[in-house]
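What follows is the content of entry-v1.txt, which has compact mmCIF, C-alpha atoms:
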```txt
# COMPACT_ATOMS: atom_id res chain seq x y z
CA MET A 25 0.00 0.00 0.00
CA ASN A 26 1.41 3.38 -1.01
CA PRO A 27 1.89 5.90 1.81
CA LEU A 28 -0.60 8.75 2.04
CA LEU A 29 2.12 10.94 3.52
CA SER A 30 5.88 11.14 3.10
CA ILE A 31 7.98 12.52 5.92
CA CYS A 32 10.98 14.21 4.29
CA CYS A 33 14.00 14.78 6.51
CA THR A 34 17.41 16.21 5.59
CA THR A 35 20.44 15.91 7.84
CA PHE A 36 24.07 16.94 8.02
CA ASN A 37 26.23 16.42 11.11
CA HIS A 38 23.19 16.06 13.34
CA GLU A 39 24.60 13.27 15.49
CA LYS A 40 23.55 15.04 18.69
CA TYR A 41 19.95 15.57 17.55
CA ILE A 42 18.91 12.96 14.97
CA LYS A 43 17.66 10.35 17.48
CA GLN A 44 15.20 12.86 18.92
CA THR A 45 14.09 13.75 15.39
CA LEU A 46 13.54 10.13 14.37
CA ASP A 47 11.79 9.31 17.64
CA GLY A 48 9.36 12.15 16.89
CA PHE A 49 8.56 10.51 13.54
CA LEU A 50 8.03 7.09 15.09
CA LEU A 51 5.87 8.69 17.79
CA GLN A 52 3.21 9.51 15.18
CA GLN A 53 -0.11 7.68 15.36
CA THR A 54 -1.96 7.72 12.06
CA SER A 55 -4.85 5.89 10.43
CA PHE A 56 -2.96 5.96 7.13
CA PRO A 57 0.41 4.58 5.97
CA ILE A 58 3.47 6.81 6.00
CA GLU A 59 7.02 6.63 4.73
CA ILE A 60 10.04 8.33 6.30
CA ILE A 61 12.68 9.47 3.80
CA VAL A 62 15.88 10.54 5.54
CA HIS A 63 18.65 12.09 3.46
CA ASP A 64 22.10 12.46 5.01
CA ASP A 65 24.47 14.66 3.03
CA ALA A 66 27.73 12.83 3.78
CA SER A 67 27.95 13.76 7.44
CA THR A 68 31.40 13.53 8.99
CA ASP A 69 30.04 12.37 12.35
CA ASN A 70 27.87 9.34 13.24
CA THR A 71 24.59 10.70 11.83
CA ALA A 72 24.46 8.18 8.95
CA GLU A 73 25.16 5.23 11.25
CA ILE A 74 22.31 6.24 13.56
CA ILE A 75 19.95 6.48 10.57
CA ARG A 76 21.02 2.98 9.45
CA GLU A 77 20.28 1.58 12.90
CA TYR A 78 16.78 3.06 12.91
CA ALA A 79 16.10 1.88 9.33
CA GLU A 80 17.02 -1.68 10.26
CA LYS A 81 14.35 -1.62 12.97
CA ASP A 82 11.54 0.11 11.00
CA SER A 83 10.93 -0.63 7.31
CA ARG A 84 9.08 2.67 6.84
CA ILE A 85 12.41 4.50 7.06
CA VAL A 86 14.00 5.01 3.64
CA PRO A 87 17.63 6.13 4.11
CA ILE A 88 19.47 8.08 1.41
CA LEU A 89 23.07 8.23 2.59
CA GLN A 90 25.45 10.24 0.46
CA THR A 91 29.18 9.52 0.33
CA GLU A 92 29.92 12.96 -1.14
CA ASN A 93 28.36 16.19 0.03
CA GLN A 94 25.75 17.25 -2.54
CA PHE A 95 24.86 20.66 -1.14
CA SER A 96 28.38 21.90 -1.91
CA LYS A 97 27.80 20.86 -5.53
CA PHE A 98 24.56 22.86 -5.67
CA ASN A 99 22.48 19.69 -5.61
CA LYS A 100 19.77 20.49 -3.10
CA PRO A 101 18.72 17.26 -1.32
CA TRP A 102 15.01 18.11 -1.37
CA ALA A 103 14.77 18.76 -5.10
CA ASN A 104 17.21 16.13 -6.34
CA TYR A 105 16.94 13.18 -3.97
CA VAL A 106 14.11 13.42 -1.47
CA PHE A 107 11.03 14.76 -3.27
CA PRO A 108 11.54 12.51 -6.34
CA ARG A 109 11.30 9.52 -3.97
CA ALA A 110 8.26 10.79 -2.10
CA GLN A 111 5.18 8.70 -2.94
CA GLY A 112 2.76 10.43 -0.60
CA LYS A 113 -0.13 12.67 -1.54
CA TYR A 114 1.16 14.87 1.27
CA ILE A 115 4.66 15.82 2.43
CA ALA A 116 5.73 16.68 5.97
CA LEU A 117 9.09 18.38 6.43
CA CYS A 118 11.51 18.23 9.33
CA GLU A 119 15.24 18.81 9.41
CA GLY A 120 17.48 16.56 11.44
CA ASP A 121 17.98 18.97 14.32
CA ASP A 122 14.28 19.73 14.96
CA TYR A 123 11.63 17.39 16.34
CA TRP A 124 7.91 16.72 16.90
CA ILE A 125 6.21 16.33 20.27
CA ASP A 126 2.55 15.62 19.44
CA PRO A 127 1.76 12.01 18.42
CA PHE A 128 -1.32 13.15 16.46
CA LYS A 129 0.37 16.00 14.57
CA LEU A 130 0.27 14.31 11.16
CA GLN A 131 -3.23 12.94 11.66
CA LYS A 132 -4.60 16.38 12.50
CA GLN A 133 -2.94 18.06 9.54
CA VAL A 134 -3.81 15.42 6.97
CA ASP A 135 -7.42 15.23 8.20
CA PHE A 136 -7.71 18.98 7.65
CA LEU A 137 -6.25 18.95 4.14
CA GLU A 138 -8.36 15.99 3.13
CA ALA A 139 -11.49 17.87 4.20
CA HIS A 140 -10.46 21.25 2.71
CA PRO A 141 -9.26 21.03 -0.92
CA ASP A 142 -9.03 24.84 -1.12
CA TYR A 143 -6.06 24.74 1.28
CA GLY A 144 -2.65 23.81 -0.10
CA SER A 145 -0.77 23.47 3.16
CA CYS A 146 -1.13 23.75 6.90
CA PHE A 147 1.27 24.42 9.73
CA HIS A 148 1.15 24.76 13.49
CA ASN A 149 2.65 26.79 16.29
CA SER A 150 5.83 25.49 17.85
CA LYS A 151 8.21 25.75 20.72
CA ILE A 152 11.77 26.94 20.32
CA PHE A 153 14.75 25.31 22.02
CA TYR A 154 17.94 27.28 22.52
CA GLN A 155 20.69 24.68 22.48
CA ASP A 156 23.37 26.81 24.12
CA THR A 157 21.27 27.74 27.16
CA GLN A 158 19.03 24.64 27.16
CA GLN A 159 15.95 26.87 27.35
CA LEU A 160 12.60 25.80 25.90
CA GLU A 161 10.23 28.68 25.12
CA HIS A 162 7.11 29.51 23.16
CA ASP A 163 8.00 30.37 19.57
CA ILE A 164 6.66 33.83 18.72
CA LEU A 165 7.45 33.66 14.97
CA ASN A 166 3.81 33.29 13.92
CA LYS A 167 1.90 34.32 17.05
CA ASP A 168 0.15 37.18 15.22
CA GLU A 169 -0.61 35.30 12.00
CA PRO A 170 -4.29 34.66 11.18
CA GLU A 171 -5.81 31.19 11.12
CA THR A 172 -5.98 31.44 7.32
CA SER A 173 -3.42 33.19 5.12
CA THR A 174 -2.41 33.35 1.45
CA ILE A 175 0.65 33.54 -0.78
CA VAL A 176 0.59 37.34 -0.49
CA ASP A 177 0.93 37.10 3.30
CA LEU A 178 3.73 34.57 2.92
CA ALA A 179 5.54 36.76 0.38
CA ARG A 180 5.82 39.51 3.01
CA THR A 181 7.67 37.26 5.46
CA ASN A 182 8.18 33.60 6.22
CA TYR A 183 6.14 32.78 9.33
CA ILE A 184 6.26 28.99 8.87
CA ARG A 185 8.83 26.85 10.67
CA THR A 186 9.93 24.06 8.34
CA ASN A 187 9.21 21.30 10.86
CA THR A 188 5.58 22.43 11.29
CA ILE A 189 4.30 22.22 7.73
CA VAL A 190 2.37 19.56 5.83
CA LEU A 191 1.81 20.38 2.17
CA ARG A 192 0.24 18.78 -0.85
CA ASN A 193 2.69 16.98 -3.14
CA ASN A 194 1.54 19.09 -6.10
CA PHE A 195 4.67 20.95 -7.16
CA LYS A 196 7.77 20.61 -9.31
CA LEU A 197 11.02 22.42 -8.66
CA GLN A 198 13.14 23.77 -11.52
CA ASP A 199 16.93 23.50 -11.77
CA TRP A 200 17.48 27.08 -10.58
CA PHE A 201 16.04 26.10 -7.20
CA ASN A 202 19.37 24.35 -6.49
CA TYR A 203 21.17 27.69 -6.34
CA LEU A 204 18.92 29.35 -3.78
CA PRO A 205 20.63 29.96 -0.43
CA VAL A 206 17.33 29.31 1.37
CA GLY A 207 15.04 26.41 0.46
CA ASP A 208 11.99 26.35 2.71
CA TRP A 209 10.38 29.76 2.15
CA PRO A 210 10.62 29.68 -1.70
CA LEU A 211 9.33 26.10 -1.67
CA PHE A 212 6.27 27.19 0.32
CA LEU A 213 5.66 30.05 -2.12
CA ILE A 214 6.02 27.86 -5.20
CA GLN A 215 3.80 25.14 -3.77
CA ILE A 216 0.90 27.18 -2.44
CA LYS A 217 -0.07 28.92 -5.72
CA ASP A 218 -3.64 30.27 -5.34
CA LEU A 219 -4.59 27.96 -2.46
CA LYS A 220 -4.89 28.94 1.20
CA ILE A 221 -2.70 28.21 4.23
CA LYS A 222 -4.05 26.99 7.57
CA ARG A 223 -2.46 27.62 10.97
CA PHE A 224 -3.11 25.37 13.98
CA GLU A 225 -2.79 26.88 17.44
CA GLU A 226 -1.29 23.75 18.98
CA GLU A 227 2.46 23.64 19.61
CA MET A 228 3.23 20.27 18.04
CA GLY A 229 6.93 20.63 17.26
CA VAL A 230 10.19 22.12 18.49
CA TYR A 231 12.55 24.30 16.44
CA ARG A 232 16.14 24.12 17.64
CA VAL A 233 18.41 27.18 17.57
CA HIS A 234 22.15 26.50 17.60
CA SER A 235 25.30 28.05 16.15
CA GLN A 236 25.58 25.44 13.36
CA GLY A 237 22.15 26.28 11.94
CA ALA A 238 22.27 27.70 8.39
CA TRP A 239 19.86 30.51 9.30
CA SER A 240 19.89 30.72 13.09
CA GLY A 241 23.71 30.76 13.05
CA ALA A 242 23.97 33.52 10.45
CA ASP A 243 24.84 37.14 11.29
CA GLU A 244 22.99 40.26 10.11
CA ILE A 245 24.68 40.74 6.74
CA GLN A 246 24.50 37.03 5.94
CA THR A 247 20.74 36.98 6.47
CA ILE A 248 20.38 40.12 4.32
CA LYS A 249 22.38 38.56 1.49
CA MET A 250 20.54 35.24 1.72
CA THR A 251 17.20 37.02 1.57
CA LEU A 252 18.20 39.07 -1.49
CA ASN A 253 19.66 36.03 -3.28
CA THR A 254 16.46 34.09 -2.59
CA ILE A 255 14.03 36.76 -3.76
CA LYS A 256 15.91 37.69 -6.95
CA PRO A 257 15.50 34.29 -8.71
CA LEU A 258 11.85 34.07 -7.69
CA LEU A 259 11.23 37.38 -9.43
CA LYS A 260 13.43 36.54 -12.41
CA HIS A 261 11.65 33.27 -13.18
CA ASN A 262 8.19 34.74 -12.56
CA VAL A 263 6.80 31.63 -10.86
CA LEU A 264 4.44 33.42 -8.49
CA SER A 265 1.26 35.41 -8.89
CA LYS A 266 1.33 39.12 -9.76
CA PRO A 267 0.22 40.20 -6.25
CA ALA A 268 2.93 38.03 -4.68
CA ASN A 269 5.57 39.36 -7.06
CA LYS A 270 4.56 42.92 -6.19
CA VAL A 271 5.14 42.19 -2.51
CA LEU A 272 8.45 40.47 -3.24
CA ARG A 273 9.72 43.44 -5.26
CA LYS A 274 8.92 45.74 -2.35
CA ARG A 275 10.69 43.39 0.05
CA TYR A 276 13.71 43.19 -2.25
CA ARG A 277 14.04 46.98 -2.26
CA LYS A 278 13.75 47.01 1.53
CA TYR A 279 16.63 44.55 1.94
CA LYS A 280 18.76 46.39 -0.61
CA LYS A 281 18.39 49.46 1.61
CA LYS A 282 19.34 47.38 4.65
CA GLN A 283 22.42 46.14 2.83
CA PHE A 284 23.42 49.69 1.87
CA LYS A 285 22.95 50.95 5.45
CA TYR A 286 25.00 48.07 6.84
CA TYR A 287 27.98 48.79 4.60
CA TRP A 288 27.59 52.54 5.06
CA LYS A 289 27.79 52.20 8.85
CA LYS A 290 30.73 49.86 8.50
CA TRP A 291 32.52 52.37 6.28
CA LEU A 292 31.86 55.21 8.71
CA LYS A 293 33.37 53.24 11.59
CA ARG A 294 36.59 52.84 9.66
CA LYS A 295 37.00 56.60 9.19
```

Could you express the structure from this file as structure tokens?
Amino acid sequence: MNPLLSICCTTFNHEKYIKQTLDGFLLQQTSFPIEIIVHDDASTDNTAEIIREYAEKDSRIVPILQTENQFSKFNKPWANYVFPRAQGKYIALCEGDDYWIDPFKLQKQVDFLEAHPDYGSCFHNSKIFYQDTQQLEHDILNKDEPETSTIVDLARTNYIRTNTIVLRNNFKLQDWFNYLPVGDWPLFLIQIKDLKIKRFEEEMGVYRVHSQGAWSGADEIQTIKMTLNTIKPLLKHNVLSKPANKVLRKRYRKYKKKQFKYYWKKWLKRK
């Protein structure tokens, strides 16, 4: 029987966290079959070995273990290795340093999407864990977001944690996607099209902040550059609606100003 949902997980040097991530997957109680695709991008620690151990115990786990790092070759794991293997009507995302805490998370989200064909994806509130201080707090990223939003709202800012979303497997990513510095937010924009987005109030997952995180570990100018280099291809390839593109152009100009101010202040300090 084909899975109704594919859990898609990407990892790299997540030896300290991957067991908690995988346990969160196996915690799920669903009335439908699932598959768990776990891609390790040639980790230099014991991440791949831990994935092998879990796969030997649960046949639902499909390991993709690279011997050479693909991200450094501009081969994004999602687009090139994970999504092409996903058989599910729905896809749930979670990176190897985040985790889920509600055993009915997937059931709740799939039930909603099955009953509401006008919604393309749904996500939930989360907790945030600060690895350095070991503090667990309420995540305020999307606390002010409405229960229902659209691509225009999402174009203004990304309010969806990657490990909270379930989306319909109704999209195809082009080759240029491999060169984006950020993958989750543009994926959400490409996938949602003219459908709606649902937010659940429940905190059903935990987002981990640590210094090795691609985004959480970045400084101010790095986040500015990543944002600009993510928006520019989206506009160039014209894959979104006109209203969304209008918002993106405005956001691009805003970040160009931020970039200018950053370098201007830096130059003034040197004088």

Worksheet, complete the sentence: The residue from A:His63, A:Arg275, A:Arg192, A:Lys167 with the smallest atom-to-atom distance to Asn93 (chain A), counting only C-alpha atoms, is A:His63

Compile the contact shell of Lys281 (chain A) as a JSON list (two decimals) with C-alpha atoms, in the coordinates of the input: residues with an atom at most 12 Å away, counting all atoms listed in the file, same-chain residues fewer than 5 positions apart removed.
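File produced: part-v3.json:
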```
[["chain", "number", "residue", "atom", "x", "y", "z"],
["A", 245, "ILE", "CA", 24.68, 40.74, 6.74],
["A", 248, "ILE", "CA", 20.38, 40.12, 4.32],
["A", 249, "LYS", "CA", 22.38, 38.56, 1.49],
["A", 252, "LEU", "CA", 18.20, 39.07, -1.49],
["A", 274, "LYS", "CA", 8.92, 45.74, -2.35],
["A", 275, "ARG", "CA", 10.69, 43.39, 0.05],
["A", 276, "TYR", "CA", 13.71, 43.19, -2.25],
["A", 286, "TYR", "CA", 25.00, 48.07, 6.84],
["A", 287, "TYR", "CA", 27.98, 48.79, 4.60],
["A", 288, "TRP", "CA", 27.59, 52.54, 5.06]]
```

Worksheet entry | Among the residues A:Leu117, A:Ile88, A:Leu258, A:Leu130, the one that comes closest to Ile58 (chain A) [using all atoms listed in the file] |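 That would be A:Leu130, the residue with the smallest distance to Ile58 (chain A).
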
Fill in: Neighbour list for region 73-85 of chain A as an MDAnalysis selection string, cut-off 6 Å, only C-alpha atoms, skip fewer than 5 positions in-chain
chainID A and resid 59:61

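Among the candidates A:Cys146, A:Leu46, A:Ala103, A:Leu165, the one nearest to Val86 (chain A) when counting all atoms listed in the file is A:Leu46.
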
Item to complete: Excluding Ala116 (chain A) and residues on its chain fewer than 6 positions from it, collect all residues at most 12 Å away from it, counting only C-alpha atoms, and give them as a PyMOL selection string.
Response: chain A and resi 28-34+49+52+58-62+102+106-107+110+123-124+129-131+133-134+145-148+185-193+208+212

Those same residues, written as a compact mmCIF listing (two decimals), keeping the file's coordinate frame with C-alpha atoms?
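So out_24.txt came out as:
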```txt
# COMPACT_ATOMS: atom_id res chain seq x y z
CA LEU A 28 -0.60 8.75 2.04
CA LEU A 29 2.12 10.94 3.52
CA SER A 30 5.88 11.14 3.10
CA ILE A 31 7.98 12.52 5.92
CA CYS A 32 10.98 14.21 4.29
CA CYS A 33 14.00 14.78 6.51
CA THR A 34 17.41 16.21 5.59
CA PHE A 49 8.56 10.51 13.54
CA GLN A 52 3.21 9.51 15.18
CA ILE A 58 3.47 6.81 6.00
CA GLU A 59 7.02 6.63 4.73
CA ILE A 60 10.04 8.33 6.30
CA ILE A 61 12.68 9.47 3.80
CA VAL A 62 15.88 10.54 5.54
CA TRP A 102 15.01 18.11 -1.37
CA VAL A 106 14.11 13.42 -1.47
CA PHE A 107 11.03 14.76 -3.27
CA ALA A 110 8.26 10.79 -2.10
CA TYR A 123 11.63 17.39 16.34
CA TRP A 124 7.91 16.72 16.90
CA LYS A 129 0.37 16.00 14.57
CA LEU A 130 0.27 14.31 11.16
CA GLN A 131 -3.23 12.94 11.66
CA GLN A 133 -2.94 18.06 9.54
CA VAL A 134 -3.81 15.42 6.97
CA SER A 145 -0.77 23.47 3.16
CA CYS A 146 -1.13 23.75 6.90
CA PHE A 147 1.27 24.42 9.73
CA HIS A 148 1.15 24.76 13.49
CA ARG A 185 8.83 26.85 10.67
CA THR A 186 9.93 24.06 8.34
CA ASN A 187 9.21 21.30 10.86
CA THR A 188 5.58 22.43 11.29
CA ILE A 189 4.30 22.22 7.73
CA VAL A 190 2.37 19.56 5.83
CA LEU A 191 1.81 20.38 2.17
CA ARG A 192 0.24 18.78 -0.85
CA ASN A 193 2.69 16.98 -3.14
CA ASP A 208 11.99 26.35 2.71
CA PHE A 212 6.27 27.19 0.32
```

Practice prompt. Calculate how many Å separate CA of Pro267 (chain A) from CA of Lys220 (chain A), rounding to one decimal.
Written response: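 These atoms are spaced 14.4 Å apart.
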
Discussion item. Between CA of Ser235 (chain A) and CA of Phe153 (chain A), what distance in Å does the model show, to one decimal?
Written reply: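 According to the coordinates, CA of Ser235 (chain A) and CA of Phe153 (chain A) are separated by 12.4 Å.
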
Worksheet item: With only C-alpha atoms as the basis for distance, which of A:Asn253, A:Lys282, A:Gln90, A:Ile175 is at the shortest distance from Asn269 (chain A)?
Response: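 Comparing A:Asn253, A:Lys282, A:Gln90, A:Ile175 against Asn269 (chain A), the winner is A:Ile175.
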
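Note that CA of Leu89 (chain A) and CA of Asp69 (chain A) are 12.7 Å apart.
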
Practice prompt. Excluding Arg273 (chain A) and any residue of its chain fewer than 3 positions from it, enumerate the residues within 10 Å of it, using all atoms listed in the file, and give them as a list of chain:residue names.
Written response: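 Here the qualifying residues turn out to be A:Ala179, A:Arg180, A:Ile255, A:Lys256, A:Leu258, A:Leu259, A:Ala268, A:Asn269, A:Lys270, A:Tyr276, A:Arg277, A:Lys278.
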
Discussion item. For a quick check of understanding, using all atoms listed in the file, which of A:Tyr105, A:Tyr231, A:Phe201, A:Trp209 has the smallest distance to Asp163 (chain A)?
Written reply: A:Tyr231

Worksheet item: Counting all atoms listed in the file, what is within 10 Å of Asp121 (chain A), bar same-chain residues fewer than 4 positions away, as a PyMOL selection string?
Response: chain A and resi 33-46+187+230-234+237

Practice prompt. Return the single residue from A:Tyr183, A:Thr91, A:Pro27, A:Thr54 that is closest to Arg109 (chain A), with distances computed using all atoms listed in the file.
Written response: A:Pro27
